[in-house]
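Novice: Please find entry-v1.cif (mmCIF, C-alpha atoms) on the next line:
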data_target
loop_
_atom_site.label_atom_id
_atom_site.label_comp_id
_atom_site.auth_asym_id
_atom_site.auth_seq_id
_atom_site.Cartn_x
_atom_site.Cartn_y
_atom_site.Cartn_z
CA MET F 1 145.23 136.14 -156.07
CA LYS F 2 143.02 134.13 -158.30
CA ILE F 3 139.23 134.51 -158.01
CA ILE F 4 137.28 131.27 -158.27
CA ASN F 5 133.97 131.62 -160.04
CA ARG F 6 131.51 129.34 -158.31
CA ALA F 7 128.13 128.64 -159.76
CA ALA F 8 125.58 129.34 -157.07
CA PHE F 9 121.89 129.99 -156.77
CA SER F 10 120.71 133.51 -156.29
CA LEU F 11 118.27 134.32 -153.54
CA LEU F 12 115.45 134.70 -156.08
CA GLU F 13 116.11 131.25 -157.59
CA LEU F 14 116.16 129.73 -154.13
CA LEU F 15 112.80 131.35 -153.24
CA VAL F 16 111.21 130.10 -156.47
CA ALA F 17 112.49 126.56 -155.81
CA VAL F 18 111.11 126.61 -152.24
CA ALA F 19 107.75 127.92 -153.49
CA ILE F 20 107.51 125.14 -156.09
CA PHE F 21 108.44 122.57 -153.43
CA PHE F 22 105.66 123.81 -151.11
CA ILE F 23 103.10 123.77 -153.94
CA ILE F 24 104.00 120.15 -154.72
CA ILE F 25 103.87 119.17 -151.03
CA GLY F 26 100.50 120.94 -150.66
CA ALA F 27 99.09 119.03 -153.65
CA VAL F 28 100.32 115.72 -152.23
CA PHE F 29 98.75 116.43 -148.81
CA SER F 30 95.53 117.50 -150.49
CA LEU F 31 95.39 114.17 -152.33
CA LEU F 32 96.12 112.27 -149.12
CA ILE F 33 93.36 114.08 -147.22
CA SER F 34 90.77 113.58 -149.97
CA GLY F 35 91.77 109.90 -150.19
CA LYS F 36 91.37 109.50 -146.43
CA LYS F 37 87.90 111.13 -146.56
CA ALA F 38 86.87 108.85 -149.44
CA PHE F 39 88.10 105.80 -147.53
CA GLU F 40 86.21 106.83 -144.36
CA THR F 41 83.04 107.53 -146.33
CA GLY F 42 83.28 104.15 -148.08
CA SER F 43 83.88 102.37 -144.77
CA VAL F 44 80.84 104.04 -143.19
CA GLN F 45 78.72 103.19 -146.23
CA VAL F 46 79.69 99.52 -146.01
CA GLU F 47 79.05 99.47 -142.24
CA VAL F 48 75.61 101.10 -142.54
CA GLU F 49 74.58 98.92 -145.46
CA GLN F 50 75.68 95.70 -143.74
CA GLU F 51 73.75 96.52 -140.57
CA ALA F 52 70.62 97.54 -142.51
CA ARG F 53 70.78 94.41 -144.69
CA ARG F 54 71.29 92.17 -141.67
CA ALA F 55 68.18 93.66 -140.02
CA LEU F 56 66.13 93.42 -143.22
CA ASP F 57 67.18 89.79 -143.77
CA TYR F 58 66.32 88.91 -140.16
CA MET F 59 62.85 90.51 -140.40
CA THR F 60 62.23 88.87 -143.78
CA LYS F 61 63.18 85.42 -142.48
CA GLU F 62 60.84 85.68 -139.47
CA LEU F 63 57.93 87.24 -141.37
CA ARG F 64 58.02 84.39 -143.91
CA GLN F 65 57.16 81.96 -141.10
CA SER F 66 53.91 83.75 -140.26
CA SER F 67 50.45 83.59 -141.79
CA ALA F 68 48.55 86.48 -143.40
CA ASN F 69 45.85 86.35 -140.71
CA LYS F 70 48.52 86.42 -137.94
CA ILE F 71 50.04 89.77 -139.05
CA GLN F 72 48.97 93.21 -137.86
CA VAL F 73 50.55 96.39 -139.26
CA LEU F 74 50.13 99.36 -136.89
CA SER F 75 50.07 102.96 -138.11
CA GLU F 76 51.88 105.49 -135.98
CA GLY F 77 51.72 108.98 -137.47
CA VAL F 78 51.96 109.11 -141.24
CA SER F 79 53.66 105.78 -141.94
CA PRO F 80 53.14 102.35 -140.35
CA SER F 81 56.39 101.68 -138.49
CA THR F 82 55.31 98.77 -136.28
CA ILE F 83 54.33 95.24 -137.19
CA ILE F 84 53.09 92.48 -134.86
CA PHE F 85 52.92 88.87 -136.01
CA GLU F 86 53.01 85.32 -134.76
CA ILE F 87 55.28 82.53 -135.84
CA PRO F 88 54.56 78.81 -135.43
CA TYR F 89 55.20 77.71 -131.87
CA ASP F 90 55.53 74.23 -130.43
CA VAL F 91 52.80 74.32 -127.75
CA ASP F 92 52.70 70.65 -126.75
CA GLY F 93 56.35 69.66 -127.24
CA GLY F 94 55.62 67.46 -130.24
CA GLY F 95 56.79 69.87 -132.95
CA VAL F 96 55.00 72.73 -134.70
CA ILE F 97 52.77 70.38 -136.73
CA ASN F 98 49.84 69.16 -134.62
CA ALA F 99 48.17 65.72 -134.75
CA ALA F 100 45.64 66.94 -137.34
CA GLY F 101 48.47 68.07 -139.66
CA GLY F 102 47.93 71.78 -138.99
CA ILE F 103 50.40 74.34 -137.71
CA GLU F 104 50.50 75.05 -133.97
CA TRP F 105 50.31 78.71 -132.96
CA SER F 106 50.83 80.03 -129.45
CA ASN F 107 47.31 81.54 -129.28
CA ASP F 108 48.77 83.86 -126.69
CA THR F 109 48.80 87.28 -128.37
CA GLY F 110 51.69 89.27 -127.00
CA GLY F 111 53.28 86.19 -125.47
CA ILE F 112 55.65 83.51 -126.69
CA GLY F 113 55.55 83.21 -130.47
CA THR F 114 54.42 86.83 -130.95
CA ILE F 115 57.07 89.11 -132.44
CA THR F 116 56.96 92.90 -132.76
CA TYR F 117 59.26 95.02 -134.89
CA SER F 118 59.16 98.77 -134.34
CA LEU F 119 61.25 101.88 -134.86
CA SER F 120 62.24 103.53 -131.60
CA GLY F 121 64.39 106.61 -132.08
CA ASP F 122 67.00 105.46 -134.57
CA GLN F 123 66.84 101.76 -133.64
CA ILE F 124 64.80 98.83 -134.90
CA ILE F 125 63.53 97.03 -131.81
CA ARG F 126 62.53 93.35 -131.90
CA THR F 127 60.25 92.23 -129.09
CA LEU F 128 59.50 88.56 -128.44
CA GLY F 129 57.23 88.20 -125.43
CA SER F 130 58.94 90.39 -122.81
CA ILE F 131 62.42 90.21 -124.39
CA ARG F 132 63.47 93.35 -126.26
CA SER F 133 66.56 93.45 -128.45
CA VAL F 134 68.07 96.00 -130.83
CA LEU F 135 68.13 94.70 -134.38
CA ALA F 136 69.81 97.72 -136.03
CA ASN F 137 71.04 101.24 -135.27
CA LYS F 138 71.08 104.49 -137.29
CA ILE F 139 67.71 103.74 -138.93
CA SER F 140 65.85 106.93 -139.82
CA LYS F 141 62.76 105.40 -141.44
CA LEU F 142 60.99 102.02 -141.28
CA THR F 143 57.65 101.23 -142.94
CA PHE F 144 55.58 98.10 -143.30
CA SER F 145 52.65 97.75 -145.67
CA ARG F 146 50.47 95.04 -147.16
CA LEU F 147 50.34 94.87 -150.91
CA LEU F 148 47.15 94.06 -152.82
CA ASP F 149 47.91 90.40 -152.28
CA ALA F 150 47.41 90.12 -148.49
CA ASP F 151 50.14 87.45 -148.33
CA ILE F 152 52.84 89.97 -149.29
CA ILE F 153 54.34 92.44 -146.81
CA ASP F 154 56.47 95.31 -148.12
CA ILE F 155 59.31 96.45 -145.81
CA ARG F 156 61.20 99.68 -146.48
CA LEU F 157 63.98 101.10 -144.36
CA THR F 158 66.37 104.02 -144.55
CA ALA F 159 69.65 104.07 -142.65
CA GLU F 160 71.73 107.23 -142.23
CA LYS F 161 75.06 108.00 -140.61
CA TYR F 162 77.53 110.86 -140.83
CA ALA F 163 80.48 109.79 -142.93
CA LEU F 164 83.31 111.58 -141.17
CA THR F 165 84.13 111.17 -137.50
CA GLY F 166 83.34 114.24 -135.44
CA PHE F 167 81.04 115.82 -138.05
CA THR F 168 77.37 116.22 -137.16
CA SER F 169 76.28 119.49 -138.72
CA SER F 170 73.91 119.61 -141.66
CA GLY F 171 76.76 120.52 -144.02
CA SER F 172 78.79 117.37 -143.33
CA PRO F 173 78.67 114.35 -145.60
CA LYS F 174 76.05 111.79 -144.63
CA VAL F 175 75.72 108.26 -145.96
CA THR F 176 72.12 107.25 -146.71
CA ILE F 177 71.09 103.71 -147.60
CA ASN F 178 67.56 102.81 -148.77
CA LEU F 179 66.55 99.15 -148.76
CA ASN F 180 63.27 97.39 -149.38
CA SER F 181 62.02 93.84 -149.46
CA GLN F 182 58.76 92.12 -150.24
CA VAL F 183 57.96 89.12 -148.09
CA LYS F 184 55.48 86.43 -149.06
CA VAL F 185 54.25 84.70 -145.91
CA ARG F 186 54.27 80.91 -146.20
CA ASN F 187 51.91 79.58 -143.57
#
As a first step, turn the structure in this file into structure tokens.

Specialist:
Amino acid sequence: MKIINRAAFSLLELLVAVAIFFIIIGAVFSLLISGKKAFETGSVQVEVEQEARRALDYMTKELRQSSANKIQVLSEGVSPSTIIFEIPYDVDGGGVINAAGGIEWSNDTGGIGTITYSLSGDQIIRTLGSIRSVLANKISKLTFSRLLDADIIDIRLTAEKYALTGFTSSGSPKVTINLNSQVKVRN
């Protein structure tokens, strides 16, 4: 009887090969998980920044229409987080420019033509007359201030949101966006 010598792996070689395979698979999964977290964080950052910018642009556009003497910044606590102002309003149906060439205002404080922006919880609330609407969510800080030139209003807002779904503890990653704008009123 002839004995055939077959080349085969020993048990030790097989265990080493399996261990190397699992190390490589573990590294690949680790890269996939960190890539997924980076993608989710980036997506949340874009979402938060877009919403904050949209709110800031909206407030800036409306504040520009007002006049320095038609704006009132209210202080609540340490920082002023509420602003009340009027925008030109067509009172007589003939346009916002009256017969004398001046701008028509509603002259109805708190009514039509009067807009309020305020921070309520984590939302920026826009109030026009009795209509309230949410301008932005996840806002942690909103401040309004007049600069030395009374025609310029400084708006600062901070938006925050947890980056990973399901994480809310203080140790989880949080996306924070700080935006500011200076508005020169035109009327």

Novice: Calculate, to one decimal in Å, the centre and edge lengths of the box along x, y and z of the file that holds all listed atoms of stretch 29-47 of chain F with 6 Å of margin on each side, and present them as lines of an AutoDock Vina configuration file.

Specialist:
center_x = 88.7
center_y = 108.5
center_z = -147.3
size_x = 32.0
size_y = 30.0
size_z = 22.1

Novice: Carefully work through the PyMOL selection byres ((chain F and resi 121) around 9) for this structure and note down the residues it includes, as a VMD selection string.

Specialist: chain F and resid 119 to 120 122 to 124 138 to 140

Novice: Looking at all atoms listed in the file, which of F:Leu179, F:Tyr162, F:Glu104, F:Met59 is the one that sits closest to F:Leu135?

Specialist: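 Looking only at the distances to F:Leu135, the closest residue turns out to be F:Met59.
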
Novice: Could you spell out the hits of the PyMOL selection byres ((chain F and resi 143) around 7) on the shown file, as a list in words?

Specialist: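 Applied to this file, the PyMOL selection byres ((chain F and resi 143) around 7) selects Ser79, Pro80, Ser81, Lys141, Leu142, Phe144, Ser145, Ile155, Arg156 and Leu157 of chain F.
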
Novice: Applied to the shown file, which residues does the PyMOL selection byres ((chain F and resi 28-44) around 9) return, written as a compact mmCIF listing (two decimals) with C-alpha atoms, in the coordinates of the input?

Specialist:
# COMPACT_ATOMS: atom_id res chain seq x y z
CA ILE F 23 103.10 123.77 -153.94
CA ILE F 24 104.00 120.15 -154.72
CA ILE F 25 103.87 119.17 -151.03
CA GLY F 26 100.50 120.94 -150.66
CA ALA F 27 99.09 119.03 -153.65
CA GLN F 45 78.72 103.19 -146.23
CA VAL F 46 79.69 99.52 -146.01
CA GLU F 47 79.05 99.47 -142.24
CA VAL F 48 75.61 101.10 -142.54
CA GLU F 49 74.58 98.92 -145.46
CA LYS F 161 75.06 108.00 -140.61
CA TYR F 162 77.53 110.86 -140.83
CA ALA F 163 80.48 109.79 -142.93
CA LEU F 164 83.31 111.58 -141.17
CA THR F 165 84.13 111.17 -137.50
CA PRO F 173 78.67 114.35 -145.60
CA LYS F 174 76.05 111.79 -144.63
CA VAL F 175 75.72 108.26 -145.96

Novice: Counting all atoms listed in the file, which residue out of F:Ala159, F:Val183, F:Ile83, F:Ala8 sits closest to F:Glu51?

Specialist: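 Of all the options, F:Ala159 lies closest to F:Glu51.
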
Novice: For atom CA of F:Gly129 and atom CA of F:Arg64, determine how far apart the two atoms are, in Å to one decimal place.

Specialist: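 Between atom CA of F:Gly129 and atom CA of F:Arg64 the gap works out to 18.9 Å.
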
Novice: What is the distance, in Å and to one decimal place, between atom CA of F:Ile71 and atom CA of F:Val134?

Specialist: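 Spanning atom CA of F:Ile71 to atom CA of F:Val134 is a straight-line distance of 20.8 Å.
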